[in-house]
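Dropping target-v8.pdb in here (PDB, N, CA and C atoms):
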```
ATOM      1  N   MET A1124      63.761 -32.492 -92.715
ATOM      2  CA  MET A1124      63.291 -31.141 -92.998
ATOM      3  C   MET A1124      62.426 -31.152 -94.259
ATOM      4  N   MET A1125      61.419 -30.325 -94.264
ATOM      5  CA  MET A1125      60.522 -30.223 -95.417
ATOM      6  C   MET A1125      61.231 -29.535 -96.574
ATOM      7  N   THR A1126      60.830 -29.896 -97.787
ATOM      8  CA  THR A1126      61.340 -29.218 -98.979
ATOM      9  C   THR A1126      60.348 -28.122 -99.366
ATOM     10  N   ILE A1127      60.785 -27.212-100.223
ATOM     11  CA  ILE A1127      59.892 -26.141-100.673
ATOM     12  C   ILE A1127      58.700 -26.731-101.428
ATOM     13  N   GLN A1128      58.914 -27.830-102.170
ATOM     14  CA  GLN A1128      57.813 -28.476-102.884
ATOM     15  C   GLN A1128      56.778 -29.032-101.907
ATOM     16  N   GLU A1129      57.244 -29.641-100.805
ATOM     17  CA  GLU A1129      56.314 -30.163 -99.796
ATOM     18  C   GLU A1129      55.526 -29.033 -99.145
ATOM     19  N   ILE A1130      56.207 -27.930 -98.876
ATOM     20  CA  ILE A1130      55.551 -26.776 -98.252
ATOM     21  C   ILE A1130      54.456 -26.232 -99.157
ATOM     22  N   GLN A1131      54.745 -26.129-100.456
ATOM     23  CA  GLN A1131      53.777 -25.545-101.386
ATOM     24  C   GLN A1131      52.589 -26.463-101.659
ATOM     25  N   THR A1132      52.770 -27.767-101.533
ATOM     26  CA  THR A1132      51.701 -28.689-101.907
ATOM     27  C   THR A1132      50.951 -29.293-100.721
ATOM     28  N   ARG A1133      51.512 -29.219 -99.527
ATOM     29  CA  ARG A1133      50.847 -29.812 -98.368
ATOM     30  C   ARG A1133      49.606 -29.010 -97.993
ATOM     31  N   LYS A1134      48.528 -29.728 -97.712
ATOM     32  CA  LYS A1134      47.299 -29.063 -97.281
ATOM     33  C   LYS A1134      47.476 -28.518 -95.861
ATOM     34  N   GLU A1135      46.882 -27.362 -95.615
ATOM     35  CA  GLU A1135      46.892 -26.810 -94.264
ATOM     36  C   GLU A1135      45.901 -27.598 -93.413
ATOM     37  N   ASP A1136      46.313 -27.900 -92.194
ATOM     38  CA  ASP A1136      45.455 -28.643 -91.275
ATOM     39  C   ASP A1136      45.831 -28.298 -89.845
ATOM     40  N   GLN A1137      45.468 -29.138 -88.896
ATOM     41  CA  GLN A1137      45.731 -28.823 -87.485
ATOM     42  C   GLN A1137      47.197 -28.944 -87.106
ATOM     43  N   THR A1138      48.054 -29.395 -88.044
ATOM     44  CA  THR A1138      49.488 -29.494 -87.742
ATOM     45  C   THR A1138      50.368 -28.766 -88.749
ATOM     46  N   PHE A1139      49.783 -28.063 -89.729
ATOM     47  CA  PHE A1139      50.583 -27.349 -90.730
ATOM     48  C   PHE A1139      49.848 -26.104 -91.196
ATOM     49  N   ASP A1140      50.609 -24.997 -91.316
ATOM     50  CA  ASP A1140      50.030 -23.734 -91.762
ATOM     51  C   ASP A1140      51.094 -22.939 -92.511
ATOM     52  N   CYS A1141      50.681 -22.241 -93.556
ATOM     53  CA  CYS A1141      51.565 -21.310 -94.270
ATOM     54  C   CYS A1141      51.121 -19.890 -93.931
ATOM     55  N   LYS A1142      52.107 -19.001 -93.782
ATOM     56  CA  LYS A1142      51.804 -17.599 -93.493
ATOM     57  C   LYS A1142      52.706 -16.697 -94.318
ATOM     58  N   SER A1143      52.138 -15.620 -94.818
ATOM     59  CA  SER A1143      52.899 -14.601 -95.528
ATOM     60  C   SER A1143      53.866 -13.922 -94.564
ATOM     61  N   ILE A1144      54.996 -13.487 -95.059
ATOM     62  CA  ILE A1144      55.934 -12.705 -94.246
ATOM     63  C   ILE A1144      55.272 -11.378 -93.847
ATOM     64  N   GLN A1145      54.211 -10.984 -94.542
ATOM     65  CA  GLN A1145      53.525  -9.718 -94.259
ATOM     66  C   GLN A1145      52.526  -9.819 -93.102
ATOM     67  N   ILE A1146      52.341 -11.011 -92.523
ATOM     68  CA  ILE A1146      51.385 -11.192 -91.432
ATOM     69  C   ILE A1146      51.749 -10.292 -90.246
ATOM     70  N   GLU A1147      50.728  -9.775 -89.595
ATOM     71  CA  GLU A1147      50.965  -8.993 -88.382
ATOM     72  C   GLU A1147      51.406  -9.947 -87.278
ATOM     73  N   PRO A1148      52.424  -9.577 -86.511
ATOM     74  CA  PRO A1148      52.918 -10.469 -85.461
ATOM     75  C   PRO A1148      51.819 -10.985 -84.531
ATOM     76  N   LYS A1149      50.890 -10.120 -84.112
ATOM     77  CA  LYS A1149      49.818 -10.537 -83.201
ATOM     78  C   LYS A1149      48.959 -11.645 -83.821
ATOM     79  N   ALA A1150      48.801 -11.630 -85.142
ATOM     80  CA  ALA A1150      47.984 -12.639 -85.825
ATOM     81  C   ALA A1150      48.655 -14.010 -85.853
ATOM     82  N   LEU A1151      49.946 -14.057 -85.621
ATOM     83  CA  LEU A1151      50.667 -15.329 -85.597
ATOM     84  C   LEU A1151      50.459 -16.056 -84.269
ATOM     85  N   GLU A1152      50.004 -15.325 -83.264
ATOM     86  CA  GLU A1152      49.790 -15.898 -81.934
ATOM     87  C   GLU A1152      48.793 -17.062 -81.978
ATOM     88  N   ILE A1153      47.698 -16.923 -82.702
ATOM     89  CA  ILE A1153      46.634 -17.935 -82.714
ATOM     90  C   ILE A1153      47.130 -19.288 -83.228
ATOM     91  N   PRO A1154      47.785 -19.356 -84.407
ATOM     92  CA  PRO A1154      48.262 -20.680 -84.836
ATOM     93  C   PRO A1154      49.365 -21.244 -83.945
ATOM     94  N   ILE A1155      50.194 -20.388 -83.364
ATOM     95  CA  ILE A1155      51.252 -20.892 -82.478
ATOM     96  C   ILE A1155      50.627 -21.539 -81.246
ATOM     97  N   VAL A1156      49.653 -20.869 -80.645
ATOM     98  CA  VAL A1156      48.983 -21.436 -79.468
ATOM     99  C   VAL A1156      48.247 -22.724 -79.848
ATOM    100  N   ALA A1157      47.573 -22.727 -80.993
ATOM    101  CA  ALA A1157      46.858 -23.931 -81.428
ATOM    102  C   ALA A1157      47.824 -25.102 -81.625
ATOM    103  N   PHE A1158      48.971 -24.835 -82.244
ATOM    104  CA  PHE A1158      49.933 -25.907 -82.493
ATOM    105  C   PHE A1158      50.622 -26.373 -81.218
ATOM    106  N   ALA A1159      50.660 -25.537 -80.198
ATOM    107  CA  ALA A1159      51.239 -25.967 -78.921
ATOM    108  C   ALA A1159      50.375 -27.059 -78.298
ATOM    109  N   ASN A1160      49.154 -27.193 -78.775
ATOM    110  CA  ASN A1160      48.274 -28.262 -78.317
ATOM    111  C   ASN A1160      48.293 -29.459 -79.263
ATOM    112  N   ALA A1161      48.983 -29.351 -80.400
ATOM    113  CA  ALA A1161      48.894 -30.410 -81.411
ATOM    114  C   ALA A1161      50.222 -30.819 -82.022
ATOM    115  N   ASP A1162      51.313 -30.095 -81.815
ATOM    116  CA  ASP A1162      52.598 -30.363 -82.458
ATOM    117  C   ASP A1162      52.508 -30.018 -83.941
ATOM    118  N   GLY A1163      52.859 -28.794 -84.287
ATOM    119  CA  GLY A1163      52.686 -28.356 -85.663
ATOM    120  C   GLY A1163      53.848 -27.560 -86.211
ATOM    121  N   VAL A1164      53.726 -27.216 -87.500
ATOM    122  CA  VAL A1164      54.743 -26.447 -88.222
ATOM    123  C   VAL A1164      54.069 -25.286 -88.938
ATOM    124  N   ILE A1165      54.676 -24.103 -88.814
ATOM    125  CA  ILE A1165      54.229 -22.931 -89.567
ATOM    126  C   ILE A1165      55.349 -22.562 -90.528
ATOM    127  N   ALA A1166      55.010 -22.458 -91.814
ATOM    128  CA  ALA A1166      55.964 -22.042 -92.842
ATOM    129  C   ALA A1166      55.717 -20.560 -93.123
ATOM    130  N   ILE A1167      56.683 -19.724 -92.772
ATOM    131  CA  ILE A1167      56.546 -18.276 -92.968
ATOM    132  C   ILE A1167      57.354 -17.857 -94.185
ATOM    133  N   GLY A1168      56.694 -17.106 -95.065
ATOM    134  CA  GLY A1168      57.312 -16.677 -96.309
ATOM    135  C   GLY A1168      56.642 -17.322 -97.514
ATOM    136  N   VAL A1169      55.514 -18.016 -97.258
ATOM    137  CA  VAL A1169      54.710 -18.625 -98.323
ATOM    138  C   VAL A1169      53.280 -18.149 -98.097
ATOM    139  N   SER A1170      52.709 -17.485 -99.088
ATOM    140  CA  SER A1170      51.347 -16.976 -98.955
ATOM    141  C   SER A1170      50.387 -18.129 -98.687
ATOM    142  N   ASP A1171      49.561 -17.994 -97.648
ATOM    143  CA  ASP A1171      48.634 -19.076 -97.329
ATOM    144  C   ASP A1171      47.499 -19.174 -98.342
ATOM    145  N   LYS A1172      47.226 -18.121 -99.087
ATOM    146  CA  LYS A1172      46.141 -18.167-100.065
ATOM    147  C   LYS A1172      46.629 -18.642-101.436
ATOM    148  N   SER A1173      47.653 -18.008-101.969
ATOM    149  CA  SER A1173      48.129 -18.333-103.317
ATOM    150  C   SER A1173      49.257 -19.348-103.338
ATOM    151  N   ARG A1174      49.897 -19.559-102.178
ATOM    152  CA  ARG A1174      51.086 -20.410-102.038
ATOM    153  C   ARG A1174      52.282 -19.862-102.821
ATOM    154  N   ASN A1175      52.235 -18.562-103.164
ATOM    155  CA  ASN A1175      53.408 -17.918-103.759
ATOM    156  C   ASN A1175      54.538 -17.902-102.744
ATOM    157  N   VAL A1176      55.747 -18.171-103.217
ATOM    158  CA  VAL A1176      56.914 -18.166-102.345
ATOM    159  C   VAL A1176      57.448 -16.740-102.279
ATOM    160  N   GLU A1177      57.282 -16.093-101.122
ATOM    161  CA  GLU A1177      57.755 -14.727-100.917
ATOM    162  C   GLU A1177      59.168 -14.723-100.353
ATOM    163  N   GLY A1178      59.454 -15.704 -99.484
ATOM    164  CA  GLY A1178      60.724 -15.710 -98.775
ATOM    165  C   GLY A1178      60.709 -14.712 -97.636
ATOM    166  N   VAL A1179      61.802 -14.703 -96.857
ATOM    167  CA  VAL A1179      61.881 -13.824 -95.690
ATOM    168  C   VAL A1179      63.101 -12.910 -95.714
ATOM    169  N   ASN A1180      64.037 -13.139 -96.619
ATOM    170  CA  ASN A1180      65.315 -12.414 -96.581
ATOM    171  C   ASN A1180      65.184 -10.902 -96.700
ATOM    172  N   GLN A1181      64.228 -10.413 -97.449
ATOM    173  CA  GLN A1181      64.105  -8.968 -97.662
ATOM    174  C   GLN A1181      63.268  -8.299 -96.574
ATOM    175  N   HIS A1182      62.872  -9.053 -95.550
ATOM    176  CA  HIS A1182      62.019  -8.516 -94.484
ATOM    177  C   HIS A1182      62.601  -8.864 -93.113
ATOM    178  N   ILE A1183      63.857  -8.547 -92.884
ATOM    179  CA  ILE A1183      64.552  -8.959 -91.662
ATOM    180  C   ILE A1183      63.895  -8.364 -90.404
ATOM    181  N   GLU A1184      63.488  -7.102 -90.459
ATOM    182  CA  GLU A1184      62.858  -6.485 -89.288
ATOM    183  C   GLU A1184      61.556  -7.194 -88.951
ATOM    184  N   LYS A1185      60.722  -7.464 -89.960
ATOM    185  CA  LYS A1185      59.454  -8.178 -89.755
ATOM    186  C   LYS A1185      59.727  -9.593 -89.256
ATOM    187  N   LEU A1186      60.738 -10.242 -89.830
ATOM    188  CA  LEU A1186      61.109 -11.596 -89.408
ATOM    189  C   LEU A1186      61.459 -11.619 -87.921
ATOM    190  N   ASN A1187      62.233 -10.652 -87.483
ATOM    191  CA  ASN A1187      62.602 -10.584 -86.069
ATOM    192  C   ASN A1187      61.377 -10.394 -85.174
ATOM    193  N   GLU A1188      60.412  -9.588 -85.629
ATOM    194  CA  GLU A1188      59.177  -9.406 -84.865
ATOM    195  C   GLU A1188      58.414 -10.728 -84.757
ATOM    196  N   LEU A1189      58.346 -11.471 -85.860
ATOM    197  CA  LEU A1189      57.621 -12.740 -85.865
ATOM    198  C   LEU A1189      58.308 -13.780 -84.976
ATOM    199  N   LEU A1190      59.636 -13.751 -84.947
ATOM    200  CA  LEU A1190      60.374 -14.690 -84.105
ATOM    201  C   LEU A1190      60.138 -14.427 -82.611
ATOM    202  N   ARG A1191      59.719 -13.220 -82.259
ATOM    203  CA  ARG A1191      59.454 -12.860 -80.857
ATOM    204  C   ARG A1191      58.044 -13.266 -80.393
ATOM    205  N   VAL A1192      57.146 -13.573 -81.315
ATOM    206  CA  VAL A1192      55.748 -13.849 -80.961
ATOM    207  C   VAL A1192      55.589 -14.931 -79.888
ATOM    208  N   PRO A1193      56.280 -16.088 -79.984
ATOM    209  CA  PRO A1193      56.074 -17.122 -78.957
ATOM    210  C   PRO A1193      56.443 -16.658 -77.543
ATOM    211  N   PHE A1194      57.276 -15.638 -77.451
ATOM    212  CA  PHE A1194      57.725 -15.126 -76.150
ATOM    213  C   PHE A1194      56.920 -13.908 -75.714
ATOM    214  N   ASP A1195      56.587 -13.030 -76.662
ATOM    215  CA  ASP A1195      55.954 -11.762 -76.333
ATOM    216  C   ASP A1195      54.427 -11.838 -76.233
ATOM    217  N   PHE A1196      53.793 -12.735 -76.996
ATOM    218  CA  PHE A1196      52.331 -12.761 -77.055
ATOM    219  C   PHE A1196      51.712 -14.012 -76.444
ATOM    220  N   CYS A1197      52.479 -15.051 -76.194
ATOM    221  CA  CYS A1197      51.935 -16.310 -75.690
ATOM    222  C   CYS A1197      52.218 -16.444 -74.198
ATOM    223  N   ASN A1198      51.200 -16.905 -73.462
ATOM    224  CA  ASN A1198      51.332 -17.023 -72.015
ATOM    225  C   ASN A1198      50.918 -18.430 -71.577
ATOM    226  N   PRO A1199      51.831 -19.225 -70.988
ATOM    227  CA  PRO A1199      53.263 -18.920 -70.866
ATOM    228  C   PRO A1199      53.953 -18.983 -72.235
ATOM    229  N   SER A1200      55.201 -18.551 -72.280
ATOM    230  CA  SER A1200      55.963 -18.593 -73.531
ATOM    231  C   SER A1200      55.963 -20.002 -74.105
ATOM    232  N   ILE A1201      56.020 -20.085 -75.418
ATOM    233  CA  ILE A1201      55.991 -21.375 -76.110
ATOM    234  C   ILE A1201      57.353 -21.646 -76.725
ATOM    235  N   SER A1202      57.848 -22.835 -76.487
ATOM    236  CA  SER A1202      59.138 -23.247 -77.048
ATOM    237  C   SER A1202      58.966 -23.546 -78.537
ATOM    238  N   VAL A1203      59.753 -22.890 -79.364
ATOM    239  CA  VAL A1203      59.671 -23.047 -80.808
ATOM    240  C   VAL A1203      61.071 -23.327 -81.344
ATOM    241  N   THR A1204      61.166 -24.273 -82.263
ATOM    242  CA  THR A1204      62.429 -24.543 -82.944
ATOM    243  C   THR A1204      62.329 -23.981 -84.356
ATOM    244  N   CYS A1205      63.283 -23.149 -84.736
ATOM    245  CA  CYS A1205      63.243 -22.516 -86.058
ATOM    246  C   CYS A1205      64.338 -23.063 -86.952
ATOM    247  N   SER A1206      64.001 -23.214 -88.228
ATOM    248  CA  SER A1206      64.981 -23.602 -89.238
ATOM    249  C   SER A1206      64.586 -22.906 -90.538
ATOM    250  N   TYR A1207      65.480 -22.932 -91.488
ATOM    251  CA  TYR A1207      65.231 -22.265 -92.764
ATOM    252  C   TYR A1207      65.359 -23.251 -93.908
ATOM    253  N   VAL A1208      64.475 -23.090 -94.900
ATOM    254  CA  VAL A1208      64.511 -23.900 -96.113
ATOM    255  C   VAL A1208      64.914 -22.980 -97.254
ATOM    256  N   PRO A1209      66.041 -23.267 -97.940
ATOM    257  CA  PRO A1209      66.420 -22.434 -99.074
ATOM    258  C   PRO A1209      65.403 -22.583-100.202
ATOM    259  N   CYS A1210      65.188 -21.495-100.927
ATOM    260  CA  CYS A1210      64.217 -21.525-102.021
ATOM    261  C   CYS A1210      64.541 -20.427-103.029
ATOM    262  N   THR A1211      63.821 -20.456-104.127
ATOM    263  CA  THR A1211      63.822 -19.360-105.092
ATOM    264  C   THR A1211      62.454 -18.713-104.978
ATOM    265  N   ASP A1212      62.429 -17.402-104.701
ATOM    266  CA  ASP A1212      61.138 -16.746-104.496
ATOM    267  C   ASP A1212      60.429 -16.474-105.820
ATOM    268  N   LYS A1213      59.203 -15.943-105.718
ATOM    269  CA  LYS A1213      58.370 -15.710-106.905
ATOM    270  C   LYS A1213      59.000 -14.748-107.900
ATOM    271  N   ASP A1214      59.978 -13.951-107.451
ATOM    272  CA  ASP A1214      60.671 -13.019-108.342
ATOM    273  C   ASP A1214      61.958 -13.604-108.916
ATOM    274  N   GLY A1215      62.239 -14.872-108.608
ATOM    275  CA  GLY A1215      63.418 -15.540-109.145
ATOM    276  C   GLY A1215      64.685 -15.340-108.328
ATOM    277  N   ASN A1216      64.567 -14.767-107.114
ATOM    278  CA  ASN A1216      65.733 -14.522-106.269
ATOM    279  C   ASN A1216      65.971 -15.680-105.301
ATOM    280  N   GLU A1217      67.241 -15.910-104.974
ATOM    281  CA  GLU A1217      67.567 -16.881-103.930
ATOM    282  C   GLU A1217      67.021 -16.331-102.625
ATOM    283  N   ASN A1218      66.359 -17.178-101.861
ATOM    284  CA  ASN A1218      65.708 -16.716-100.652
ATOM    285  C   ASN A1218      65.603 -17.894 -99.689
ATOM    286  N   ARG A1219      64.803 -17.732 -98.627
ATOM    287  CA  ARG A1219      64.577 -18.836 -97.697
ATOM    288  C   ARG A1219      63.230 -18.662 -97.014
ATOM    289  N   ILE A1220      62.693 -19.790 -96.573
ATOM    290  CA  ILE A1220      61.429 -19.862 -95.842
ATOM    291  C   ILE A1220      61.767 -20.198 -94.394
ATOM    292  N   LEU A1221      61.093 -19.558 -93.455
ATOM    293  CA  LEU A1221      61.255 -19.877 -92.039
ATOM    294  C   LEU A1221      60.264 -20.964 -91.667
ATOM    295  N   LEU A1222      60.764 -22.045 -91.059
ATOM    296  CA  LEU A1222      59.888 -23.080 -90.502
ATOM    297  C   LEU A1222      59.919 -22.953 -88.987
ATOM    298  N   MET A1223      58.757 -22.753 -88.393
ATOM    299  CA  MET A1223      58.625 -22.718 -86.937
ATOM    300  C   MET A1223      58.002 -24.045 -86.515
ATOM    301  N   GLN A1224      58.773 -24.876 -85.847
ATOM    302  CA  GLN A1224      58.285 -26.155 -85.333
ATOM    303  C   GLN A1224      57.812 -25.924 -83.903
ATOM    304  N   ILE A1225      56.526 -26.167 -83.668
ATOM    305  CA  ILE A1225      55.954 -25.954 -82.350
ATOM    306  C   ILE A1225      55.588 -27.319 -81.768
ATOM    307  N   PRO A1226      56.351 -27.801 -80.785
ATOM    308  CA  PRO A1226      56.037 -29.110 -80.206
ATOM    309  C   PRO A1226      54.813 -29.025 -79.299
ATOM    310  N   ALA A1227      54.111 -30.134 -79.168
ATOM    311  CA  ALA A1227      52.977 -30.185 -78.254
ATOM    312  C   ALA A1227      53.484 -29.866 -76.840
ATOM    313  N   SER A1228      52.738 -29.081 -76.119
ATOM    314  CA  SER A1228      53.114 -28.647 -74.783
ATOM    315  C   SER A1228      52.164 -29.247 -73.756
ATOM    316  N   SER A1229      52.673 -29.507 -72.581
ATOM    317  CA  SER A1229      51.816 -30.017 -71.503
ATOM    318  C   SER A1229      51.100 -28.879 -70.784
ATOM    319  N   SER A1230      51.471 -27.641 -71.076
ATOM    320  CA  SER A1230      50.843 -26.476 -70.454
ATOM    321  C   SER A1230      49.672 -25.984 -71.287
ATOM    322  N   LEU A1231      48.753 -25.288 -70.653
ATOM    323  CA  LEU A1231      47.675 -24.610 -71.351
ATOM    324  C   LEU A1231      48.165 -23.214 -71.702
ATOM    325  N   HIS A1232      48.144 -22.881 -72.992
ATOM    326  CA  HIS A1232      48.632 -21.573 -73.452
ATOM    327  C   HIS A1232      47.474 -20.710 -73.927
ATOM    328  N   THR A1233      47.671 -19.401 -73.750
ATOM    329  CA  THR A1233      46.658 -18.435 -74.218
ATOM    330  C   THR A1233      47.355 -17.315 -74.937
TER     331      THR A1233
END
```

Starting from the file, lay out its structure as structure tokens.
Amino acid sequence: MMTIQEIQTRKEDQTFDCKSIQIEPKALEIPIVAFANADGVIAIGVSDKSRNVEGVNQHIEKLNELLRVPFDFCNPSISVTCSYVPCTDKDGNENRILLMQIPASSSLHT
């Protein structure tokens, strides 16, 4: 499993992306579909621009919406494995980052 330090310092590329917990669920569809063709990881709760650690604990409703994206917006549905990385957020609170592991798929997704 990745550490919070690896998440904050790894460059974004065709197999890794950081997304703010504030992202609109529909906007998460594009990287999920792209990673289904490449085997990738999306770290949610880390700003992709500033790399500030926001965490996901204080946004449970939004988190649940984001967890539904591979099923609700991707056709066919994309199998995703989720795990959490404990962290301290930018405000000094104990928190966690959601890691969405998207394995390469043999299907064409849209």

- Message: At a cut-off of 12 Å, using only C-alpha atoms, what residues contact Phe1194 of chain A? Leave out same-chain residues fewer than 5 positions from it and give the result as a PyMOL selection string.
- Response: chain A and resi 1148-1149+1151-1152+1155-1156+1187-1189+1199-1203+1232-1233

- Task: Could you give me, as a PyMOL selection string, the residues within 8 Å of segment 1131-1136 of chain A, counting all atoms listed in the file and dropping anything in the same chain fewer than 3 positions from it?
- Result: chain A and resi 1126-1128+1139-1141+1169+1173-1176

- Counting all atoms listed in the file, which of A:Ile1130, A:Ile1144, A:Pro1154, A:Asp1162 gets nearest to Ala1227 of chain A? A:Asp1162

- Taking the DSSP assignment computed from this structure's backbone, write out as number ranges by chain all residues of chain A that belong to alpha helix (DSSP H). A: 1127-1132, 1148-1159, 1183-1195

- Compile the contact shell of segment 1207-1210 of chain A as an MDAnalysis selection string: residues with an atom at most 6.5 Å away, counting all atoms listed in the file, same-chain residues fewer than 5 positions apart removed. chainID A and resid 1127 1216:1222

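The interatomic distance for the pair atom C of Val1192 of chain A and atom C of Lys1213 of chain A works out to 28.2 Å.
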
- Write out as a ChimeraX atom specification the residues lying within 5 Å of Ser1143 of chain A, counting all atoms listed in the file and excluding same-chain residues fewer than 6 positions away. /A:1168-1171

- Task: Give the answer as one residue: which of A:Ala1157, A:Ile1183, A:Ala1166, A:Cys1205 has the shortest atom-to-atom distance to Ser1230 of chain A, using only C-alpha atoms?
- Result: A:Ala1157

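Atom CA of Ile1167 of chain A sits 7.5 Å away from atom CA of Val1179 of chain A.
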
- Query: atom CA of Ala1150 of chain A and atom CA of Met1125 of chain A are how many Å apart?
  - Reply: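 Atom CA of Ala1150 of chain A sits 23.6 Å away from atom CA of Met1125 of chain A.
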
- Nearest-residue call for Phe1196 of chain A, choices A:Gly1178, A:Ile1153, A:Gly1215, A:Ile1225, using only C-alpha atoms: A:Ile1153

- Item | Shortest interatomic distance to Ile1165 of chain A - which of A:Gln1181, A:Gln1224, A:Asn1198, A:Thr1204, counting all atoms listed in the file |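 Between A:Gln1181, A:Gln1224, A:Asn1198, A:Thr1204, the residue approaching Ile1165 of chain A most closely is A:Gln1224.
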
- Item | DSSP strand (DSSP E) residues within chain A, as a ChimeraX atom specification | /A:1139-1142,1163-1167,1204-1211,1217-1225

Centre and size of axis-aligned box enclosing segment 1193-1207 of chain A plus 6 Å each side, as AutoDock Vina command-line options:
```
--center_x 58.2 --center_y -18.2 --center_z -82.4 --size_x 26.6 --size_y 24.8 --size_z 35.0
```
